[in-house]
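**Student:** What follows is protein14.pdb, PDB, C-alpha atoms and all ligand atoms.
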ATOM      1  CA  MET S 214     145.260 193.436   9.714  1.00  0.00           C
ATOM      2  CA  GLU S 215     146.854 190.974  12.075  1.00  0.00           C
ATOM      3  CA  SER S 216     146.290 187.409  10.988  1.00  0.00           C
ATOM      4  CA  VAL S 217     145.078 185.035  13.647  1.00  0.00           C
ATOM      5  CA  LYS S 218     145.679 181.314  13.855  1.00  0.00           C
ATOM      6  CA  HIS S 219     142.381 179.589  14.411  1.00  0.00           C
ATOM      7  CA  CYS S 220     141.892 176.010  15.526  1.00  0.00           C
ATOM      8  CA  CYS S 221     140.546 174.826  12.165  1.00  0.00           C
ATOM      9  CA  GLU S 222     139.521 176.044   8.739  1.00  0.00           C
ATOM     10  CA  SER S 223     135.849 176.059   9.609  1.00  0.00           C
ATOM     11  CA  MET S 224     136.469 178.336  12.568  1.00  0.00           C
ATOM     12  CA  GLN S 225     138.666 180.554  10.446  1.00  0.00           C
ATOM     13  CA  TYR S 226     135.944 180.872   7.856  1.00  0.00           C
ATOM     14  CA  HIS S 227     133.172 181.602  10.302  1.00  0.00           C
ATOM     15  CA  ALA S 228     135.199 183.925  12.507  1.00  0.00           C
ATOM     16  CA  GLU S 229     136.555 186.000   9.648  1.00  0.00           C
ATOM     17  CA  SER S 230     133.886 185.929   6.981  1.00  0.00           C
ATOM     18  CA  THR S 231     132.344 189.219   6.002  1.00  0.00           C
ATOM     19  CA  CYS S 232     129.853 190.170   3.339  1.00  0.00           C
ATOM     20  CA  ASP S 233     129.359 193.204   1.147  1.00  0.00           C
ATOM     21  CA  GLN S 234     125.872 193.956   2.346  1.00  0.00           C
ATOM     22  CA  HIS S 235     126.671 194.125   6.059  1.00  0.00           C
ATOM     23  CA  PRO S 236     129.815 196.040   7.045  1.00  0.00           C
ATOM     24  CA  ASP S 237     128.914 195.328  10.654  1.00  0.00           C
ATOM     25  CA  ARG S 238     129.094 191.572  11.140  1.00  0.00           C
ATOM     26  CA  PHE S 239     126.507 191.842  13.900  1.00  0.00           C
ATOM     27  CA  ASP S 240     124.004 192.847  11.225  1.00  0.00           C
ATOM     28  CA  CYS S 241     124.732 189.866   8.988  1.00  0.00           C
ATOM     29  CA  PRO S 242     122.738 186.652   9.386  1.00  0.00           C
ATOM     30  CA  ASP S 243     125.529 184.784   7.594  1.00  0.00           C
ATOM     31  CA  CYS S 244     128.166 185.660  10.211  1.00  0.00           C
ATOM     32  CA  MET S 245     128.082 183.148  13.027  1.00  0.00           C
ATOM     33  CA  VAL S 246     131.186 183.570  15.146  1.00  0.00           C
ATOM     34  CA  HIS S 247     132.881 186.563  16.715  1.00  0.00           C
ATOM     35  CA  ARG S 248     136.423 186.427  18.033  1.00  0.00           C
ATOM     36  CA  SER S 249     137.347 188.920  20.729  1.00  0.00           C
ATOM     37  CA  GLU S 250     140.549 190.704  19.814  1.00  0.00           C
ATOM     38  CA  ARG S 251     141.129 191.487  23.473  1.00  0.00           C
ATOM     39  CA  ASP S 252     141.284 188.010  24.909  1.00  0.00           C
ATOM     40  CA  GLY S 253     140.972 185.656  21.913  1.00  0.00           C
ATOM     41  CA  SER S 254     137.738 184.168  23.178  1.00  0.00           C
ATOM     42  CA  TYR S 255     135.073 183.095  20.725  1.00  0.00           C
ATOM     43  CA  GLY S 256     131.341 183.522  20.813  1.00  0.00           C
ATOM     44  CA  LEU S 257     128.242 183.045  18.744  1.00  0.00           C
ATOM     45  CA  ILE S 258     126.913 186.280  17.308  1.00  0.00           C
ATOM     46  CA  ILE S 259     123.517 187.529  18.366  1.00  0.00           C
ATOM     47  CA  LEU S 260     122.371 189.878  15.633  1.00  0.00           C
ATOM     48  CA  ASN S 261     121.747 193.500  16.481  1.00  0.00           C
ATOM     49  CA  GLU S 262     118.161 193.112  15.360  1.00  0.00           C
ATOM     50  CA  ALA S 263     117.771 190.422  18.015  1.00  0.00           C
ATOM     51  CA  GLY S 264     119.356 192.554  20.716  1.00  0.00           C
ATOM     52  CA  GLY S 265     123.024 192.112  19.908  1.00  0.00           C
ATOM     53  CA  GLY S 266     125.788 190.469  21.867  1.00  0.00           C
ATOM     54  CA  VAL S 267     127.872 187.322  21.980  1.00  0.00           C
ATOM     55  CA  ILE S 268     127.313 183.928  23.559  1.00  0.00           C
ATOM     56  CA  THR S 269     130.757 182.773  24.623  1.00  0.00           C
ATOM     57  CA  ILE S 270     131.665 179.254  23.542  1.00  0.00           C
ATOM     58  CA  SER S 271     134.276 177.151  25.318  1.00  0.00           C
ATOM     59  CA  TYR S 272     134.875 174.604  22.574  1.00  0.00           C
ATOM     60  CA  CYS S 273     135.001 174.823  18.807  1.00  0.00           C
ATOM     61  CA  PRO S 274     131.703 173.537  17.396  1.00  0.00           C
ATOM     62  CA  TRP S 275     133.533 172.102  14.384  1.00  0.00           C
ATOM     63  CA  CYS S 276     136.705 170.454  15.668  1.00  0.00           C
ATOM     64  CA  GLY S 277     136.167 170.407  19.434  1.00  0.00           C
ATOM     65  CA  THR S 278     139.323 172.306  20.364  1.00  0.00           C
ATOM     66  CA  LYS S 279     139.180 174.038  23.732  1.00  0.00           C
ATOM     67  CA  LEU S 280     139.034 177.766  23.127  1.00  0.00           C
ATOM     68  CA  PRO S 281     140.639 180.568  25.163  1.00  0.00           C
ATOM     69  CA  GLU S 282     138.687 181.544  28.239  1.00  0.00           C
ATOM     70  CA  ARG S 283     136.915 184.829  28.232  1.00  0.00           C
ATOM     71  CA  GLN S 284     138.912 187.120  30.527  1.00  0.00           C
ATOM     72  CA  GLU S 285     137.461 189.399  33.128  1.00  0.00           C
ATOM     73  CA  ILE S 286     137.650 193.054  32.304  1.00  0.00           C
ATOM     74  CA  ASP S 287     140.257 193.879  34.952  1.00  0.00           C
ATOM     75  CA  LEU S 288     142.678 191.288  33.572  1.00  0.00           C
ATOM     76  CA  ILE S 289     142.743 192.683  30.063  1.00  0.00           C
ATOM     77  CA  GLU S 290     145.708 194.943  30.604  1.00  0.00           C
ATOM     78  CA  PHE S 291     147.689 192.113  32.116  1.00  0.00           C
ATOM     79  CA  TYR S 292     147.068 189.841  29.145  1.00  0.00           C
ATOM     80  CA  GLU S 293     147.824 192.504  26.608  1.00  0.00           C
ATOM     81  CA  GLY S 294     151.279 192.731  28.109  1.00  0.00           C
ATOM     82  CA  SER S 295     152.237 189.183  27.130  1.00  0.00           C
ATOM     83  CA  ASN S 296     152.268 188.521  23.441  1.00  0.00           C
ATOM     84  CA  ASP S 297     152.735 184.787  23.195  1.00  0.00           C
TER      85      ASP S 297
HETATM   86 ZN    ZN R 301     137.993 174.359  15.311  1.00  0.00          ZN
HETATM   87 ZN    ZN R 302     125.474 189.774   5.224  1.00  0.00          ZN
END
Please go through the file and, once you have read it, give me the structure as structure tokens.

**Tutor:**
Amino acid sequence: MESVKHCCESMQYHAESTCDQHPDRFDCPDCMVHRSERDGSYGLIILNEAGGGVITISYCPWCGTKLPERQEIDLIEFYEGSND
């Protein structure tokens, strides 16, 4: 699995933590943050039992770093072409 550089250790923990009981992080009440692999944007997880989804966040709640913008769907291919 590709390792991702997060803005801080807290973000790394919350964006990558998984637990044995919930293979799907959107089922786990302990998983708070989802990172989009497509555009690198971050969001707060809404559990499936509450309807599911992600609330995009613009700044890290722990260190305040500005996070990547969520990209529109028609820009995804463009951004996948540049790898830095
Ligand atoms: Zn951070
Ligand atoms: Zn869990």

**Student:** Selected by the PyMOL selection byres (((chain S and resi 240) around 12) and not hetatm) in the shown coordinates: which residues, as a list in words?

**Tutor:**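 What the PyMOL selection byres (((chain S and resi 240) around 12) and not hetatm) grabs from the file is Thr231, Cys232, Asp233, Gln234, His235, Pro236, Asp237, Arg238, Phe239, Cys241, Pro242, Asp243, Cys244, Met245, Ile258, Ile259, Leu260, Asn261, Glu262, Ala263, Gly264, Gly265 and Gly266 of chain S.
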
**Student:** Please identify all protein, DNA and RNA residues within 12 Å of ligand ZN 301 (chain R), counting all atoms listed in the file, and report them as a list in words.

**Tutor:**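 Listing the residues within 12 Å of ligand ZN 301 (chain R) gives Lys218, His219, Cys220, Cys221, Glu222, Ser223, Met224, Gln225, Tyr226, His227, Ala228, Val246, Tyr255, Ile270, Ser271, Tyr272, Cys273, Pro274, Trp275, Cys276, Gly277, Thr278, Lys279, Leu280 and Pro281 of chain S.
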
**Student:** What separation in Å, quoted to one decimal, exists between CA of Glu250 in chain S and CA of Gln284 in chain S?

**Tutor:**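 Those two atoms sit 11.4 Å apart.
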
**Student:** Using only C-alpha atoms and all ligand atoms, pick whichever of S:Ser230, S:Arg283, S:Thr269, S:Ser249 has the shortest atom-to-atom distance to ligand ZN 302 (chain R).

**Tutor:**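 Of S:Ser230, S:Arg283, S:Thr269, S:Ser249, the one nearest ligand ZN 302 (chain R), counting only C-alpha atoms and all ligand atoms, is S:Ser230.
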